[in-house]
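Asker: Sharing a structure with you now.
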Amino acid sequence: MDRVVIVGGGQAGLEAAAALRAQGYEGTVTLVCEEPHAPYQRPPLSKQFLLGKQDAGSLPLRAVMFYEKHRINLILGDRATEINRGGKRIHLAGGGSLAYDHLILAVGARNRTLPVDGREQVVYLRTLDEAETLKQRLTEASSVAVIGGGFIGLEVAATARKLGKMVTVIEAGPRLMARAVSPLLSEFFLNLHLAHGVAVRLNASVDAAAGADLVVAGIGVIPNMELAREAGLAVANGIVVDEYLRTSDPDVFAIGDCAAHPNRFAGGRTRLESVQNAVDQAKCVARTIAGEPTSYGDVPWFWTDQFDVRFQMAGLGAGHDLHVARGSIEDHKFSVFYFKEGRLLAVDSVNRFGDHVAARKLLTAGTPLTPEQAVDESVDLKQLATAHS
Amino acid sequence: MPKVTYISHTGESTTIEVAVGTTAMENAVRNGIDGILAECGGACMCATCHVFVDPAFLDRLPPIGEEQEEMLGSTFEARQPNSRLSCQIEMRPEYDGLIVRMPARQT
């Protein structure tokens, strides 16, 4: 019988297992999870979970009975240490090994850490266990320094502020979320945090964290690619895959945060850290393994919730040469449309849900949109998107 | 505790007791009910927890919020007047006996 082994119990790994069964795949499916917990949702860890509005019991992506019912062998608390590609077998830290016909690497990424210089008190956030620690430490702290002004850092800052803490965000660069958003949005979020009483230090060093009761760092991630590299697979800022999410070995795939994949919206190879990318790549690889080779081409989307703002992104705006805004920045209800050589690249929406949904459809279908149409509120984007889909 | 009945597209029915304040989506996931995926985890960012609410209960549910209204435009199976995203149905005592039917496909 055909065998699929999935290494990594994040959302990408879980969704791949579920999608294989949804595709009618009849072989064996084994999911190897390094953490002691069955696959769970990560997005709430920095928001509703940390705030105490969502408990750990609501985090699992599937119930235990799901794995039994769909014959998914769940291995918890173990990790792959070696891929023997010749023998088509992986070895586990716990001493066991698993034979595969298809191997899916959904090994994710790990937090970048600060250089160690007696800052062992710094807390990081990626896993449920780390979130539990941070939640506990937050109850005891009155002042919090957040190192890193990216999504995770700002979500933690907003949550800590809602919990009544004195919060300082320390960002090494000149603006917030610089890797992901345009200067216009960086400024909007800076003002949002300032208005809610968060102190923001830009171009600052970690020394600015001195004296805080609690120091949290969210300074990006490093893709986990050692396992692949040691197996002789191509790696370059992630595990290199083709449009079918295949590594340089046709029986080995990589998906999710760890996969450096060709992306038509990036205009080249990229790596995306998002729920959308994890889920859509999982479904894509499941189709391919189930016998229907499918190339990956889904539109990237992302969201973050900070204070009263829901920020939604569709597409990838890097390399844009023009941007226009629709709606009102003062009212916290606007979208920014990014163009390159007249072609729509991406749309960032602040509390403009309809724009976001329309943007996903426009970008997926490649429907032409002009900057003039984008700013004109009388142009119904939804209708435009529907008419062309 | 209020009860919710989930009916699959093939007619398989499952009734469970749920805590007030939890959502119809999370109870389906917790109880291993196939037919509700919730890829985004209940953030109202996908439309894979789509259900059809029994018309008898429609009046009791709160009006559809702006985010849900938009996401309902992206369901895999066509939206009906009684379509809802189950992550946005937060259980209340007066929803006791709620019946939701699940589409054949969410994605």
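Chain labels follow the order of the structure tokens: the first chain is A, the next B, and so on; residue numbering restarts at 1 in every chain, and ligands are counted from 1 in their shown order.
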Please identify all residues of chain B having at least one atom at most 6 Å from any atom of chain A, considering only C-alpha atoms, and return them as number ranges by chain.
Answerer: B: 29-30, 32, 67, 70
Asker: Could you find all residues in range 206-369 of chain A that DSSP calls strand (DSSP E) from the backbone, and write them as a ChimeraX atom specification?
Answerer: /A:214-217,221-223,239-240,252-254,259-263,268-270,301-306,309-315,322-328,333-340,343-350
Asker: Thr107 in chain B: which residues within 12 Å, counting only C-alpha atoms, same-chain residues fewer than 3 positions away excluded, as a tab-separated table (two decimals) with N, CA and C atoms, in the first residue's frame?
Answerer:
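So out-v5.tsv came out as:
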chain	number	residue	atom	x	y	z
A	19	ALA	N	-6.51	16.81	3.76
A	19	ALA	CA	-6.81	16.96	2.33
A	19	ALA	C	-6.57	15.66	1.56
A	22	ALA	N	-9.63	13.80	2.08
A	22	ALA	CA	-10.74	14.44	1.36
A	22	ALA	C	-10.64	14.14	-0.14
A	23	GLN	N	-9.40	13.93	-0.62
A	23	GLN	CA	-9.18	13.60	-2.04
A	23	GLN	C	-9.44	12.13	-2.32
A	279	VAL	N	-2.52	26.30	4.24
A	279	VAL	CA	-3.72	25.55	3.86
A	279	VAL	C	-3.73	25.27	2.36
A	280	ASP	N	-3.49	26.28	1.56
A	280	ASP	CA	-3.58	26.10	0.11
A	280	ASP	C	-2.46	25.21	-0.43
A	283	LYS	N	-3.46	21.61	0.36
A	283	LYS	CA	-4.48	21.07	-0.54
A	283	LYS	C	-3.87	20.74	-1.91
B	35	GLY	N	-17.55	18.08	7.66
B	35	GLY	CA	-18.47	18.96	6.92
B	35	GLY	C	-18.27	20.41	7.27
B	36	ILE	N	-17.57	20.67	8.38
B	36	ILE	CA	-17.21	22.05	8.73
B	36	ILE	C	-15.70	22.05	8.88
B	37	LEU	N	-15.02	22.86	8.05
B	37	LEU	CA	-13.55	22.83	8.05
B	37	LEU	C	-12.93	23.91	8.92
B	38	ALA	N	-13.41	25.16	8.76
B	38	ALA	CA	-12.87	26.27	9.55
B	38	ALA	C	-11.37	26.44	9.37
B	39	GLU	N	-10.95	26.59	8.13
B	39	GLU	CA	-9.52	26.70	7.85
B	39	GLU	C	-8.86	27.87	8.57
B	46	CYS	N	-12.14	33.01	6.03
B	46	CYS	CA	-12.38	32.06	4.96
B	46	CYS	C	-13.88	31.79	4.97
B	47	ALA	N	-14.34	30.87	4.16
B	47	ALA	CA	-15.78	30.60	4.17
B	47	ALA	C	-15.99	29.10	4.19
B	48	THR	N	-15.17	28.41	5.01
B	48	THR	CA	-15.20	26.95	5.01
B	48	THR	C	-15.91	26.39	6.24
B	49	CYS	N	-16.72	27.22	6.91
B	49	CYS	CA	-17.58	26.71	7.99
B	49	CYS	C	-19.03	27.07	7.67
B	50	HIS	N	-19.30	27.13	6.36
B	50	HIS	CA	-20.62	27.51	5.84
B	50	HIS	C	-21.70	26.50	6.25
B	74	SER	N	-18.11	34.23	-0.70
B	74	SER	CA	-17.01	33.38	-1.17
B	74	SER	C	-17.21	31.92	-0.80
B	75	THR	N	-18.43	31.53	-0.47
B	75	THR	CA	-18.66	30.13	-0.09
B	75	THR	C	-18.51	29.24	-1.33
B	76	PHE	N	-18.13	27.98	-1.11
B	76	PHE	CA	-17.98	27.05	-2.24
B	76	PHE	C	-19.34	26.73	-2.83
B	77	GLU	N	-20.28	26.33	-1.96
B	77	GLU	CA	-21.66	26.11	-2.44
B	77	GLU	C	-22.39	27.45	-2.37
B	78	ALA	N	-23.21	27.69	-3.38
B	78	ALA	CA	-23.84	29.01	-3.50
B	78	ALA	C	-24.58	29.42	-2.23
B	103	PRO	N	-23.11	21.90	3.81
B	103	PRO	CA	-23.02	21.68	2.36
B	103	PRO	C	-22.18	20.44	2.06
B	104	ALA	N	-22.28	19.94	0.84
B	104	ALA	CA	-21.50	18.77	0.44
B	104	ALA	C	-20.01	19.09	0.44
Asker: Applying 12 Å and only C-alpha atoms, which residues near Gly148 in chain A remain after dropping the ones on its own chain fewer than 4 positions away? List them as a PyMOL selection string.
Answerer: chain A and resi 111-114+124+152-157+168-179+200-206+208-209+215-221
Asker: Would you put the residues from that selection into a file with N, CA, C and O atoms, as a short mmCIF file (atom, residue, chain, number, x, y, z; two decimals), in the first residue's frame?
Answerer:
data_model
loop_
_atom_site.label_atom_id
_atom_site.label_comp_id
_atom_site.auth_asym_id
_atom_site.auth_seq_id
_atom_site.Cartn_x
_atom_site.Cartn_y
_atom_site.Cartn_z
N ASN A 111 11.77 30.64 15.71
CA ASN A 111 12.00 32.05 16.00
C ASN A 111 13.47 32.41 15.93
O ASN A 111 14.32 31.68 16.42
N ARG A 112 13.72 33.53 15.31
CA ARG A 112 15.04 34.13 15.38
C ARG A 112 15.22 34.58 16.83
O ARG A 112 14.27 35.06 17.44
N THR A 113 16.40 34.40 17.38
CA THR A 113 16.61 34.81 18.77
C THR A 113 17.64 35.92 18.85
O THR A 113 18.46 36.10 17.94
N LEU A 114 17.60 36.65 19.93
CA LEU A 114 18.57 37.72 20.17
C LEU A 114 19.90 37.08 20.55
O LEU A 114 19.93 36.01 21.13
N TYR A 124 9.80 34.33 23.91
CA TYR A 124 9.45 34.29 22.49
C TYR A 124 8.07 33.67 22.34
O TYR A 124 7.56 33.05 23.26
N ILE A 152 3.80 39.88 14.87
CA ILE A 152 3.69 39.23 16.18
C ILE A 152 3.95 40.24 17.30
O ILE A 152 3.20 40.31 18.27
N GLY A 153 5.00 41.04 17.14
CA GLY A 153 5.33 42.02 18.16
C GLY A 153 4.18 42.99 18.40
O GLY A 153 3.82 43.28 19.54
N LEU A 154 3.59 43.48 17.31
CA LEU A 154 2.52 44.47 17.46
C LEU A 154 1.23 43.84 17.99
O LEU A 154 0.49 44.48 18.75
N GLU A 155 0.97 42.59 17.63
CA GLU A 155 -0.21 41.92 18.20
C GLU A 155 -0.03 41.72 19.70
O GLU A 155 -0.96 41.93 20.49
N VAL A 156 1.17 41.30 20.09
CA VAL A 156 1.44 41.13 21.52
C VAL A 156 1.34 42.47 22.24
O VAL A 156 0.77 42.58 23.32
N ALA A 157 1.88 43.51 21.61
CA ALA A 157 1.82 44.85 22.22
C ALA A 157 0.37 45.29 22.42
O ALA A 157 0.00 45.80 23.49
N THR A 168 6.12 49.14 25.64
CA THR A 168 7.04 49.83 24.73
C THR A 168 7.42 48.87 23.60
O THR A 168 7.82 47.73 23.87
N VAL A 169 7.25 49.33 22.38
CA VAL A 169 7.70 48.54 21.23
C VAL A 169 9.04 49.09 20.77
O VAL A 169 9.19 50.31 20.59
N ILE A 170 10.01 48.20 20.63
CA ILE A 170 11.36 48.60 20.23
C ILE A 170 11.68 48.01 18.86
O ILE A 170 11.72 46.79 18.70
N GLU A 171 11.82 48.87 17.90
CA GLU A 171 12.05 48.41 16.53
C GLU A 171 13.40 48.94 16.04
O GLU A 171 13.69 50.13 16.16
N ALA A 172 14.21 48.04 15.51
CA ALA A 172 15.56 48.43 15.06
C ALA A 172 15.51 49.30 13.81
O ALA A 172 16.36 50.15 13.59
N GLY A 173 14.50 49.08 12.98
CA GLY A 173 14.41 49.81 11.72
C GLY A 173 13.65 51.11 11.86
O GLY A 173 13.15 51.45 12.93
N PRO A 174 13.54 51.85 10.74
CA PRO A 174 12.90 53.16 10.79
C PRO A 174 11.37 53.14 10.76
O PRO A 174 10.73 54.15 10.98
N ARG A 175 10.76 51.96 10.49
CA ARG A 175 9.30 51.92 10.49
C ARG A 175 8.79 50.53 10.87
O ARG A 175 9.53 49.55 10.84
N LEU A 176 7.49 50.47 11.23
CA LEU A 176 6.88 49.23 11.69
C LEU A 176 6.53 48.31 10.51
O LEU A 176 6.20 48.79 9.43
N MET A 177 6.56 47.01 10.75
CA MET A 177 6.16 45.98 9.77
C MET A 177 6.76 46.24 8.39
O MET A 177 6.10 46.02 7.36
N ALA A 178 8.01 46.69 8.38
CA ALA A 178 8.61 47.16 7.12
C ALA A 178 8.71 46.07 6.05
O ALA A 178 8.64 46.37 4.86
N ARG A 179 8.84 44.81 6.46
CA ARG A 179 8.98 43.74 5.48
C ARG A 179 7.68 43.48 4.73
O ARG A 179 7.68 42.98 3.62
N VAL A 200 6.43 53.76 21.25
CA VAL A 200 7.10 53.11 20.12
C VAL A 200 8.46 53.77 19.91
O VAL A 200 8.53 54.99 19.73
N ARG A 201 9.51 52.97 19.95
CA ARG A 201 10.86 53.48 19.73
C ARG A 201 11.38 52.90 18.42
O ARG A 201 11.60 51.71 18.32
N LEU A 202 11.53 53.77 17.43
CA LEU A 202 12.06 53.32 16.14
C LEU A 202 13.56 53.55 16.10
O LEU A 202 14.09 54.35 16.89
N ASN A 203 14.24 52.88 15.20
CA ASN A 203 15.71 52.99 15.09
C ASN A 203 16.36 52.79 16.46
O ASN A 203 17.35 53.42 16.79
N ALA A 204 15.77 51.91 17.25
CA ALA A 204 16.23 51.75 18.63
C ALA A 204 16.98 50.43 18.82
O ALA A 204 16.78 49.47 18.07
N SER A 205 17.84 50.38 19.82
CA SER A 205 18.55 49.14 20.12
C SER A 205 17.83 48.43 21.26
O SER A 205 17.00 49.01 21.95
N VAL A 206 18.16 47.16 21.45
CA VAL A 206 17.50 46.36 22.49
C VAL A 206 17.76 46.92 23.88
O VAL A 206 17.04 46.59 24.82
N ALA A 208 16.97 49.58 24.90
CA ALA A 208 15.77 50.32 25.30
C ALA A 208 14.81 49.47 26.12
O ALA A 208 13.87 49.98 26.73
N ALA A 209 15.06 48.14 26.14
CA ALA A 209 14.18 47.24 26.90
C ALA A 209 14.58 47.18 28.37
O ALA A 209 13.85 46.60 29.19
N VAL A 215 10.28 41.10 28.92
CA VAL A 215 10.76 41.40 27.58
C VAL A 215 10.32 40.28 26.63
O VAL A 215 10.61 39.11 26.86
N VAL A 216 9.59 40.66 25.60
CA VAL A 216 9.13 39.70 24.59
C VAL A 216 9.80 40.07 23.27
O VAL A 216 9.85 41.24 22.92
N ALA A 217 10.30 39.07 22.57
CA ALA A 217 10.92 39.37 21.28
C ALA A 217 10.18 38.67 20.15
O ALA A 217 9.87 37.48 20.23
N GLY A 218 9.88 39.42 19.12
CA GLY A 218 9.29 38.87 17.90
C GLY A 218 10.06 39.47 16.75
O GLY A 218 9.69 40.50 16.20
N ILE A 219 11.19 38.84 16.43
CA ILE A 219 12.11 39.45 15.46
C ILE A 219 12.30 38.57 14.24
O ILE A 219 13.37 38.52 13.65
N GLY A 220 11.22 37.87 13.87
CA GLY A 220 11.27 37.08 12.65
C GLY A 220 11.63 35.63 12.89
O GLY A 220 11.84 35.21 14.02
N VAL A 221 11.63 34.89 11.80
CA VAL A 221 11.86 33.45 11.90
C VAL A 221 12.95 32.99 10.94
O VAL A 221 13.32 33.70 10.01
#
Asker: Could you pull the residues within 9 Å of range 316-331 of chain A, counting only C-alpha atoms, minus those fewer than 5 positions along the same chain, as a ChimeraX atom specification?
Answerer: /A:179-182,188,265-266,299-301,336-342,344-348,350,352,371-372,374-377
Asker: Considering only C-alpha atoms, return as a PyMOL selection string whatever protein or nucleic-acid residues lie within 10 Å of Arg60 in chain B, sequence-local ones (same chain, fewer than 5 positions apart) excluded.
Answerer: chain B and resi 55+92+94-95+98
Asker: Rounded to one decimal, what separation in Å do you get between CA of Pro183 in chain A and CA of Val144 in chain A?
Answerer: 25.8 Å
Asker: Can you measure CA of Ala234 in chain A to CA of Ser248 in chain A for me? One decimal in Å is fine.
Answerer: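 If I compute the distance from CA of Ala234 in chain A to CA of Ser248 in chain A, I get 6.1 Å.
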Asker: Check the smallest atom-to-atom distance from each of A:Pro115, A:Glu187, A:Phe49, A:Arg89 to Glu132 in chain A using only C-alpha atoms, then report the winner.
Answerer: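 Nearest to Glu132 in chain A: A:Phe49.
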Asker: Excluding Glu26 in chain A and its own-chain neighbours fewer than 2 positions away, which residues fall within 12 Å of it when counting only C-alpha atoms? Please give them as a PyMOL selection string.
Answerer: chain A and resi 1-4+17+19-24+28-29+70-72+286+289-291
Asker: Any chance you could export the current selection's C-alpha atoms as a compact mmCIF listing (two decimals), in the first residue's frame?
Answerer:
# COMPACT_ATOMS: atom_id res chain seq x y z
CA MET A 1 0.00 0.00 0.00
CA ASP A 2 1.15 3.52 -0.80
CA ARG A 3 2.48 5.47 2.19
CA VAL A 4 2.60 9.19 2.89
CA ALA A 17 -3.29 14.89 6.03
CA ALA A 19 -6.81 16.96 2.33
CA LEU A 20 -5.34 13.59 1.31
CA ARG A 21 -8.34 11.88 2.86
CA ALA A 22 -10.74 14.44 1.36
CA GLN A 23 -9.18 13.60 -2.04
CA GLY A 24 -9.94 9.94 -1.46
CA THR A 28 -1.44 5.16 4.93
CA VAL A 29 -1.00 8.70 6.28
CA HIS A 70 -9.81 9.22 8.91
CA ARG A 71 -7.01 6.76 9.67
CA ILE A 72 -4.35 9.40 10.23
CA ALA A 286 -2.63 16.42 -1.56
CA ILE A 289 -0.13 12.87 -4.44
CA ALA A 290 -3.68 11.61 -4.93
CA GLY A 291 -3.00 11.48 -8.66
Asker: In Å, rounded to a single decimal, give me how far CA of Ala106 in chain A is from CA of Arg246 in chain A.
Answerer: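 Distance between the two atoms: 12.2 Å.
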Asker: Which of these, B:Met1, B:Tyr6, B:Gly11, B:Ser83, has the shortest distance to Gln68 in chain B once you count only C-alpha atoms?
Answerer: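 Of all the options, B:Ser83 lies closest to Gln68 in chain B.
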